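Some notes on the structure that comes next.
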Amino acid sequence: TCTNSKQESSARMNHQSDDEDDLLNNRQLNRLPRPCTPPGIPPSLNRQREKKLSFGVVCSSNINRSMEAHVVLGNVGLNVESYGTGTTVRLPGRSAMEPRIFKFGTPYAQMYESLAATREDESFFQLNGVLQLCRRGAAVKTAPQRWQDTTSTDISLHDVVIAFEERIFDAVVEDLQTREPTEAFAPIHVICLDTKDNPHEAKLQGRVALELCWLLEAAADDLVVEAPEIVEKFEDENMSHTQIKVLYQLCYL
């Protein structure tokens, strides 16, 4: 009986130790330092100006393309929030038929814990880069946000919304057009920078998005007039070497 009691006590202590390790890991994950990006020095005209515009950046699951842009824009002091338009957060699994799916609002730290539940899973999702995306997300905000579930009051605070895929651009425009107008009924400039959904392309387009945002920020006082010309000129000067389309739509909310 004494031996059994000691064994049970030891098992409880081991289990408690495992729980404490998990709790510590989660706390550490939630306290990750914000990711670093290249300095992104603002144009001289903007250097001393208070940032006037609010940017929304949108992809499908709010974990790769929009999060990269969120980090890049946020790290240079621009006002930014990120979103996804999908029905769920879908992450690459062991095959195209086996994605890992989470609800919007699931903390990035919880996703990380689920994906690293076993050594085999942790190794796989570390290798395919998904754990790194979860760690980055947890360092920036609590959980992915769904564009369509965000209140019109919060959406209307954005002056510019950048979507990183044409179908996401269409979804954002359609959503804005079907919402009840807010009292302010303010303009929202919706732009599409079509980007393949992989970390490498997201990093490249994050820098492209930053360049465009600085140009828009410089024209903040008369954006309704100047934005279409800025976007058109930006496409001509920056997209001549690629087939990526830059789309623009002025909406009101």
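Chains: A, B, ... in order of the structure tokens. Residues: from 1 per chain. Ligands: from 1, in order shown.
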Running DSSP on the backbone, which parts of segment 40-143 of chain A land in strand (DSSP E), as a list in words?
-> Ser54, Phe55, Gly56, Val57, Val58, Cys59, Asn79, Val80, Glu81, Ser82, Tyr83, Gly84, Val89, Arg90, Leu91, Arg100, Ile101 and Phe102 of chain A
Nearby residues (only C-alpha atoms) at most 6 Å from Val89 of chain A, same-chain spacing under 2 positions excluded, as an MDAnalysis selection string | chainID A and resid 61 101:103
Could you please take those selected residues and save N, CA, C and O atoms as a tab-separated table (two decimals), in the first residue's frame?
chain	number	residue	atom	x	y	z
A	61	SER	N	-7.07	33.95	-43.83
A	61	SER	CA	-7.11	33.39	-42.47
A	61	SER	C	-6.47	34.27	-41.41
A	61	SER	O	-6.39	33.87	-40.25
A	101	ILE	N	-7.88	23.10	-39.18
A	101	ILE	CA	-8.91	24.15	-39.20
A	101	ILE	C	-9.21	24.62	-37.79
A	101	ILE	O	-9.38	23.82	-36.87
A	102	PHE	N	-9.29	25.95	-37.63
A	102	PHE	CA	-9.63	26.57	-36.35
A	102	PHE	C	-10.69	27.63	-36.57
A	102	PHE	O	-10.80	28.20	-37.67
A	103	LYS	N	-11.44	27.93	-35.54
A	103	LYS	CA	-12.41	29.01	-35.60
A	103	LYS	C	-11.69	30.35	-35.46
A	103	LYS	O	-10.69	30.44	-34.76
May I ask for the distance between atom CA of Ser54 of chain A and atom CA of Gln132 of chain A, given in Å to one decimal place?
-> 27.0 Å
Interatomic distance, atom CA of Ile168 of chain A to atom CA of Phe124 of chain A (Å, one decimal) |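 Interatomic distance, atom CA of Ile168 of chain A to atom CA of Phe124 of chain A: 28.8 Å.
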Just the residues within 9 Å of Ile162 of chain A, please, counting only C-alpha atoms, with nothing from its chain fewer than 2 positions along; format it as a PyMOL selection string.
-> chain A and resi 55-59+66+160+164+169+189-193+209
Suppose you want the space between atom CA of Gln205 of chain A and atom CA of Gln110 of chain A; what is it in Å?
-> 27.6 Å
Shell of 12 Å around Glu180 of chain A, only C-alpha atoms, local chain residues under 4 positions omitted, as a PDB file with N, CA and C atoms, in the first residue's frame:
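The result, stored in result10.pdb:
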ATOM      1  N   THR A 151     -17.529  44.830 -36.215  1.00  0.00           N
ATOM      2  CA  THR A 151     -18.623  45.796 -36.246  1.00  0.00           C
ATOM      3  C   THR A 151     -18.358  46.882 -37.286  1.00  0.00           C
ATOM      4  N   SER A 152     -19.436  47.429 -37.816  1.00  0.00           N
ATOM      5  CA  SER A 152     -19.311  48.516 -38.790  1.00  0.00           C
ATOM      6  C   SER A 152     -18.632  49.728 -38.169  1.00  0.00           C
ATOM      7  N   THR A 153     -18.867  49.939 -36.881  1.00  0.00           N
ATOM      8  CA  THR A 153     -18.211  51.057 -36.200  1.00  0.00           C
ATOM      9  C   THR A 153     -16.702  50.915 -36.261  1.00  0.00           C
ATOM     10  N   ILE A 155     -14.964  48.908 -38.426  1.00  0.00           N
ATOM     11  CA  ILE A 155     -14.528  48.905 -39.822  1.00  0.00           C
ATOM     12  C   ILE A 155     -14.459  50.326 -40.366  1.00  0.00           C
ATOM     13  N   SER A 156     -15.420  51.161 -39.986  1.00  0.00           N
ATOM     14  CA  SER A 156     -15.488  52.520 -40.528  1.00  0.00           C
ATOM     15  C   SER A 156     -14.328  53.395 -40.069  1.00  0.00           C
ATOM     16  N   ASP A 175     -18.946  43.161 -48.864  1.00  0.00           N
ATOM     17  CA  ASP A 175     -19.348  43.319 -47.470  1.00  0.00           C
ATOM     18  C   ASP A 175     -19.624  44.793 -47.152  1.00  0.00           C
ATOM     19  N   LEU A 176     -18.755  45.682 -47.604  1.00  0.00           N
ATOM     20  CA  LEU A 176     -18.943  47.103 -47.339  1.00  0.00           C
ATOM     21  C   LEU A 176     -20.221  47.629 -47.996  1.00  0.00           C
ATOM     22  N   ALA A 184     -21.264  58.437 -39.776  1.00  0.00           N
ATOM     23  CA  ALA A 184     -20.198  59.234 -40.402  1.00  0.00           C
ATOM     24  C   ALA A 184     -20.216  59.118 -41.919  1.00  0.00           C
ATOM     25  N   PHE A 185     -20.618  57.950 -42.454  1.00  0.00           N
ATOM     26  CA  PHE A 185     -20.647  57.661 -43.890  1.00  0.00           C
ATOM     27  C   PHE A 185     -19.357  58.154 -44.559  1.00  0.00           C
ATOM     28  N   TYR A 252     -18.045  53.575 -49.278  1.00  0.00           N
ATOM     29  CA  TYR A 252     -18.418  54.449 -48.154  1.00  0.00           C
ATOM     30  C   TYR A 252     -19.119  53.605 -47.111  1.00  0.00           C
ATOM     31  N   LEU A 253     -18.897  53.942 -45.865  1.00  0.00           N
ATOM     32  CA  LEU A 253     -19.563  53.223 -44.777  1.00  0.00           C
ATOM     33  C   LEU A 253     -19.872  54.212 -43.652  1.00  0.00           C
TER      34      LEU A 253
END
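Proximity ranking of A:Glu98, A:Glu211, A:Asp121, A:Glu81 relative to Val140 of chain A places A:Glu81 first, based on only C-alpha atoms.
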Who sits within 9 Å of Val208 of chain A, only C-alpha atoms, same chain under 5 positions skipped, as a list of chain:residue names =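 Once the adjacent positions are removed, what remains is A:Leu193, A:Lys203, A:Cys213, A:Asn238.
Of the residues listed (A:Thr195, A:Val72, A:Val172, A:Gly77), A:Thr195 shows the shortest atom-to-atom separation from Lys245 of chain A; distances use only C-alpha atoms.
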